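*Asks:* I'd like to ask you about the structure that follows.
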Amino acid sequence: ANLLGLDTAAENRVTFGEITKKGVTQGMAAPRAIDMDLFNAQQARRVLDRLVGYKLSPFLWKKVRRGLSAGRVQSVAVRLIVDREKEIEAFKPEEYWNIDALLSPPSSTKKFTARLTALAGGRKLAVTSAGQSAEIVKALDGAAYTVSSISKGKRKKVPAPPFITSTMQQEASRRLGFTATRTMRAAQTLYEGVDIAGQGTMGLITYMRTDSLRIADEAQAAAKEFITETYGPEYVCPQKRTYKSKSATAAQDAHEAVRPTNPALTPAEVEKSVSGDPAKLYRLIWSRFTASQMSNAVFDAVSADIVNNDYLFRATGSKLKFDGYLAVYNNTSEDEKNRLLPPLDKGEELKLLDLKGEQHFTQPPSRYTEASLVKDLEEKNIGRPSTYAPTITTILARNYVEREGKALKPTALGEVTTKLMEEQFPKIVDVHFTADMEKELDDVEDG
């Protein structure tokens with residue numbers, strides 16, 4: 001505006017949430033003045049990034065080697081990975097034992113497993129050695145396994161909310177094996193627009209850099225109409241689902257959640273014209289959004305308490321009664337859908353088929369993957385939706401971190417640099433400092 005000599009108070013700023021005929025028409029119909037609060041927040045962010053990057057990078061060139069870089073977000077991301085590696089190295093495994101009984105009712109051949117969970121009075125029981133396990137198995141020997149109580153109920157499973165940038169990157173990593181950068185590249189293509197046979201060029205998803213879970217009313221209405229026609233009215237969520245966004249400030253709510261621009265455009269239809277990563281990602285975004293507007297899945301759940309001497313075993317079972325949103329977006333294992341127990345009666349004595357104690361050890365925390373790093377950055381409020389993918393790309397390119405399969409582990413260079421930063425610039429690599437700075441930038445956005 002300054003370069004063009006425009007009046008910054010005039011209403012000449014236009015925003016588009018989606019690149020479709022409707023999105024562009026709505027944007028053009030509602031121009032606004034430049035939001036100086038947003039502008040100031042952007043300037044502040046830029047200055048802060050440069051103060052950190054321009055001042056610290058040359059320091060690292062002198063002390064470590066040329067070509068390195070430091071940054072407000074990337075240095076904290078490397079620190080998280082380095083700290084996790086230290087936790088793994090310092091971890092001391094602890095032994096524990098599971099004692100499982102394979103049982104069946106007297107009148108049936110159906111087998112099921114019950115696990116020792118407590119003492120008969122309900123007091124928790126931890127089995128930590130082979131000796132203790134053998135002692136318990138001995139105490140159980142020859143005594144009857146009796147059903148002491150049965151509880152039946154319905155268990156509901158609620159669909160996940162539609163995607164925001166971070167959850168889209170996590171799920172694409174988990175389900176499709178995409179890196180954050182690959183996900184964003186495919187999303188950019190879907191947002192900018194692709195050619196759909198018989199419908200022309202159109203943007204298939206809303207803007208993909210967002211941390212808001214808001215959904216436009218007309219998108220909810222379109223989804224409900226599609227679900228009713230395709231699956232039936234009982235599959236539509238009876239009440240309006242509203243998901244609470246993580247960011248409390250209005251500043252971050254400029255965009256909707258990531259959703260299909262036309263909920264009635266199915267992945268099968270899109271795949272006639274689009275292939276590769278964008279097609280795979282569209283299927284994921286469409287399914288997740290559609291599921292979020294559908295009814296809960298309902299399970300019949302049963303749990304049985306079984307007593308032997310002073311010990312309490314528990315067995316649980318479930319049966320899918322109504323699939324609801326699972327018809328579109330399956331995030332349940334087949335085992336969970338139908339983990340059946342045979343019919344049992346209170347007071348019934350069960351046959352013991354097998355009893356065994358198994359030794360296990362507690363596991364160290366696992367290394368970060370791209371998905372879990374993005375999740376952690378977001379939860380700790382470090383960086384913005386637009387920074388997750390480029391940050392990971394940068395720390396890999398600078399050789400601070402390397403990939404080992406899906407895991408991210410620090411290199412010697414990453415460890416040395418982080419140690420140096422912690423000694424010389426503890427504030428910059430402090431997680432809370434960076435998160436508080438994001439909050440202050442949000443405050444600037446809020447005026």
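How things are named: the first chain in the structure tokens is A, the next is B, and so on; residues count from 1 in each chain; ligands count from 1 in the order shown.
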Fewer than 3 positions away in the same chain doesn't count, so skip those; otherwise give me all residues within 6 Å of stretch 207-216 of chain A, counting only C-alpha atoms, as a PyMOL selection string.
*Replies:* chain A and resi 17-18+164-165+219+243+245+253+255-258+385-386
*Asks:* Skipping near chain neighbours, those fewer than 2 positions away, what residues fall within 7 Å of A:Cys237 using only C-alpha atoms, listed as a PyMOL selection string?
*Replies:* chain A and resi 235+239+293-295
*Asks:* Restrict the selected residues to N, CA, C and O atoms and save them as a compact mmCIF listing (two decimals), in the first residue's frame.
*Replies:*
```txt
# COMPACT_ATOMS: atom_id res chain seq x y z
N TYR A 235 -27.23 -41.30 10.30
CA TYR A 235 -25.77 -41.10 10.31
C TYR A 235 -25.39 -39.64 10.52
O TYR A 235 -24.22 -39.31 10.69
N GLN A 239 -26.91 -33.17 16.95
CA GLN A 239 -26.73 -31.77 17.36
C GLN A 239 -25.58 -31.14 16.58
O GLN A 239 -24.77 -31.86 15.99
N GLN A 293 -18.91 -34.61 11.04
CA GLN A 293 -20.32 -34.17 11.02
C GLN A 293 -21.29 -35.35 11.17
O GLN A 293 -22.49 -35.19 10.99
N MET A 294 -20.75 -36.54 11.45
CA MET A 294 -21.59 -37.74 11.53
C MET A 294 -21.84 -38.15 12.98
O MET A 294 -21.20 -37.65 13.90
N SER A 295 -22.76 -39.10 13.16
CA SER A 295 -23.09 -39.53 14.51
C SER A 295 -21.99 -40.41 15.10
O SER A 295 -21.17 -40.97 14.37
```
*Asks:* So that I can check the surroundings of A:Trp286, please list as a PyMOL selection string every protein, DNA and RNA residue that reaches within 8 Å of it, counting only C-alpha atoms and ignoring chain neighbours fewer than 3 positions away.
*Replies:* chain A and resi 259-260+263+266-267+282-283+289-290
*Asks:* List the neighbours of A:Gln132 out to 12 Å using only C-alpha atoms; skip same-chain residues closer than 2 positions along the sequence, and give me the result as a list in words.
*Replies:*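 The contact residues come out as Glu95, Tyr96, Trp97, Asn98, Ile99, Leu125, Ala126, Val127, Thr128, Ser129, Ala130, Ala134, Glu135, Ile136, Val137, Lys138, Ala139, Gly357, Glu358 and Gln359 of chain A.
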*Asks:* Hey, can you spit out that residue selection with all heavy atoms as a compact mmCIF listing (two decimals), in the first residue's frame?
*Replies:*
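As a result, out_18.txt now contains:
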```txt
# COMPACT_ATOMS: atom_id res chain seq x y z
N GLU A 95 11.38 -53.66 35.58
CA GLU A 95 10.74 -54.94 35.27
C GLU A 95 9.30 -54.95 35.78
O GLU A 95 8.99 -54.40 36.83
CB GLU A 95 11.55 -56.03 35.98
CG GLU A 95 11.07 -57.44 35.72
CD GLU A 95 11.91 -58.49 36.47
OE1 GLU A 95 12.83 -58.10 37.25
OE2 GLU A 95 11.65 -59.66 36.28
N TYR A 96 8.40 -55.54 34.98
CA TYR A 96 7.05 -55.82 35.50
C TYR A 96 6.52 -57.08 34.83
O TYR A 96 7.01 -57.48 33.77
CB TYR A 96 6.11 -54.62 35.29
CG TYR A 96 5.73 -54.34 33.85
CD1 TYR A 96 4.55 -54.84 33.30
CD2 TYR A 96 6.56 -53.57 33.02
CE1 TYR A 96 4.21 -54.59 31.97
CE2 TYR A 96 6.23 -53.31 31.71
CZ TYR A 96 5.04 -53.82 31.18
OH TYR A 96 4.70 -53.58 29.87
N TRP A 97 5.55 -57.71 35.46
CA TRP A 97 4.99 -58.97 34.96
C TRP A 97 3.48 -58.85 34.77
O TRP A 97 2.80 -58.26 35.59
CB TRP A 97 5.30 -60.11 35.95
CG TRP A 97 6.73 -60.52 35.94
CD1 TRP A 97 7.80 -59.79 36.38
CD2 TRP A 97 7.27 -61.75 35.46
NE1 TRP A 97 8.98 -60.48 36.20
CE2 TRP A 97 8.68 -61.70 35.64
CE3 TRP A 97 6.71 -62.91 34.90
CZ2 TRP A 97 9.52 -62.74 35.27
CZ3 TRP A 97 7.55 -63.95 34.54
CH2 TRP A 97 8.95 -63.86 34.72
N ASN A 98 2.99 -59.42 33.66
CA ASN A 98 1.55 -59.56 33.45
C ASN A 98 1.17 -61.02 33.69
O ASN A 98 1.85 -61.92 33.19
CB ASN A 98 1.15 -59.20 32.02
CG ASN A 98 1.14 -57.69 31.81
OD1 ASN A 98 1.01 -56.93 32.76
ND2 ASN A 98 1.30 -57.25 30.56
N ILE A 99 0.12 -61.24 34.46
CA ILE A 99 -0.36 -62.61 34.68
C ILE A 99 -1.73 -62.75 34.03
O ILE A 99 -2.68 -62.04 34.39
CB ILE A 99 -0.41 -62.93 36.19
CG1 ILE A 99 1.01 -62.85 36.78
CG2 ILE A 99 -1.03 -64.31 36.44
CD1 ILE A 99 1.11 -63.05 38.27
N LEU A 125 -2.37 -53.95 42.37
CA LEU A 125 -1.30 -54.93 42.56
C LEU A 125 -0.26 -54.75 41.47
O LEU A 125 -0.59 -54.77 40.28
CB LEU A 125 -1.91 -56.33 42.50
CG LEU A 125 -0.95 -57.51 42.59
CD1 LEU A 125 -0.31 -57.58 43.96
CD2 LEU A 125 -1.68 -58.82 42.31
N ALA A 126 0.99 -54.54 41.88
CA ALA A 126 2.07 -54.44 40.89
C ALA A 126 2.97 -55.65 41.06
O ALA A 126 3.45 -55.92 42.16
CB ALA A 126 2.85 -53.16 41.11
N VAL A 127 3.18 -56.39 39.97
CA VAL A 127 4.04 -57.57 40.01
C VAL A 127 5.37 -57.19 39.36
O VAL A 127 5.41 -56.85 38.18
CB VAL A 127 3.38 -58.76 39.27
CG1 VAL A 127 4.22 -60.03 39.42
CG2 VAL A 127 1.97 -59.00 39.79
N THR A 128 6.46 -57.23 40.16
CA THR A 128 7.72 -56.65 39.67
C THR A 128 8.88 -57.63 39.57
O THR A 128 9.99 -57.23 39.26
CB THR A 128 8.14 -55.47 40.58
OG1 THR A 128 8.21 -55.95 41.92
CG2 THR A 128 7.16 -54.32 40.50
N SER A 129 8.64 -58.91 39.89
CA SER A 129 9.76 -59.86 39.80
C SER A 129 9.26 -61.26 39.46
O SER A 129 8.08 -61.57 39.65
CB SER A 129 10.51 -59.92 41.13
OG SER A 129 9.67 -60.53 42.11
N ALA A 130 10.19 -62.10 38.98
CA ALA A 130 9.85 -63.48 38.64
C ALA A 130 9.39 -64.23 39.89
O ALA A 130 8.43 -65.02 39.85
CB ALA A 130 11.07 -64.17 38.04
N ALA A 134 5.81 -66.05 40.33
CA ALA A 134 5.72 -67.49 40.60
C ALA A 134 4.90 -67.75 41.86
O ALA A 134 4.09 -68.69 41.92
CB ALA A 134 7.12 -68.06 40.76
N GLU A 135 5.08 -66.88 42.86
CA GLU A 135 4.34 -67.01 44.12
C GLU A 135 2.84 -66.88 43.89
O GLU A 135 2.04 -67.65 44.43
CB GLU A 135 4.82 -65.87 45.04
CG GLU A 135 4.90 -66.23 46.51
CD GLU A 135 5.59 -65.09 47.27
OE1 GLU A 135 6.83 -65.03 47.24
OE2 GLU A 135 4.87 -64.25 47.83
N ILE A 136 2.46 -65.86 43.06
CA ILE A 136 1.03 -65.64 42.78
C ILE A 136 0.46 -66.82 42.00
O ILE A 136 -0.62 -67.32 42.31
CB ILE A 136 0.83 -64.30 42.03
CG1 ILE A 136 1.17 -63.12 42.94
CG2 ILE A 136 -0.61 -64.17 41.52
CD1 ILE A 136 1.24 -61.77 42.26
N VAL A 137 1.20 -67.26 40.98
CA VAL A 137 0.73 -68.40 40.17
C VAL A 137 0.51 -69.62 41.07
O VAL A 137 -0.47 -70.35 40.93
CB VAL A 137 1.72 -68.70 39.02
CG1 VAL A 137 1.40 -70.02 38.34
CG2 VAL A 137 1.70 -67.56 37.99
N LYS A 138 1.40 -69.80 42.03
CA LYS A 138 1.28 -70.93 42.97
C LYS A 138 0.02 -70.77 43.83
O LYS A 138 -0.74 -71.72 44.06
CB LYS A 138 2.53 -70.99 43.85
CG LYS A 138 2.68 -72.29 44.60
CD LYS A 138 4.02 -72.35 45.32
CE LYS A 138 3.97 -73.50 46.33
NZ LYS A 138 4.98 -73.36 47.36
N ALA A 139 -0.23 -69.54 44.31
CA ALA A 139 -1.40 -69.27 45.16
C ALA A 139 -2.71 -69.48 44.40
O ALA A 139 -3.75 -69.80 44.99
CB ALA A 139 -1.33 -67.85 45.69
N GLY A 357 2.62 -66.15 33.57
CA GLY A 357 3.17 -64.84 33.88
C GLY A 357 4.18 -64.49 32.81
O GLY A 357 4.99 -65.32 32.41
N GLU A 358 4.11 -63.25 32.31
CA GLU A 358 5.05 -62.83 31.27
C GLU A 358 5.85 -61.63 31.72
O GLU A 358 5.29 -60.64 32.19
CB GLU A 358 4.30 -62.48 29.98
CG GLU A 358 4.29 -63.62 28.99
CD GLU A 358 3.77 -63.18 27.62
OE1 GLU A 358 3.96 -62.01 27.25
OE2 GLU A 358 3.16 -64.03 26.95
N GLN A 359 7.16 -61.72 31.53
CA GLN A 359 8.06 -60.64 31.95
C GLN A 359 8.08 -59.53 30.88
O GLN A 359 8.13 -59.80 29.69
CB GLN A 359 9.47 -61.21 32.11
CG GLN A 359 10.48 -60.20 32.61
CD GLN A 359 11.90 -60.75 32.56
OE1 GLN A 359 12.26 -61.44 31.61
NE2 GLN A 359 12.69 -60.44 33.56
```
*Asks:* Could you give me, as a list in words, the residues within 12 Å of A:Ala144, counting only C-alpha atoms and dropping anything in the same chain fewer than 6 positions from it?
*Replies:*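 Surrounding residues, per the criterion: Ala101, Leu103, Ile306, Val307, Asn308, Asn309, Asp310, Tyr311, Leu312, Gly347, Glu348, Glu349, Leu350, Lys351 and Leu352 of chain A.
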*Asks:* Using DSSP on the backbone, list every residue of stretch 184-293 of chain A that comes out as strand (DSSP E), and give them as a ChimeraX atom specification.
*Replies:* /A:194-196,200-202
*Asks:* I want to know what sits within 12 Å of A:Arg50, based on only C-alpha atoms, with residues of the same chain fewer than 4 positions away left out; could you give that as a count of residues only?
*Replies:* 13
*Asks:* Using only C-alpha atoms, find the one residue out of A:Asp37, A:Leu353, A:Pro31, A:Met184 that sits nearest to A:Val444.
*Replies:*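 Comparing A:Asp37, A:Leu353, A:Pro31, A:Met184 against A:Val444, the winner is A:Asp37.
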*Asks:* I'd like the interatomic distance between atom CA of A:Tyr400 and atom CA of A:Val82, to a tenth of an Å.
*Replies:*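 Computing it gives 9.5 Å between the two atoms.
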*Asks:* Ranking A:Phe322, A:Tyr191, A:Phe16, A:Phe226 by minimum distance to A:Gly203 and counting only C-alpha atoms, which one comes first?
*Replies:* A:Tyr191
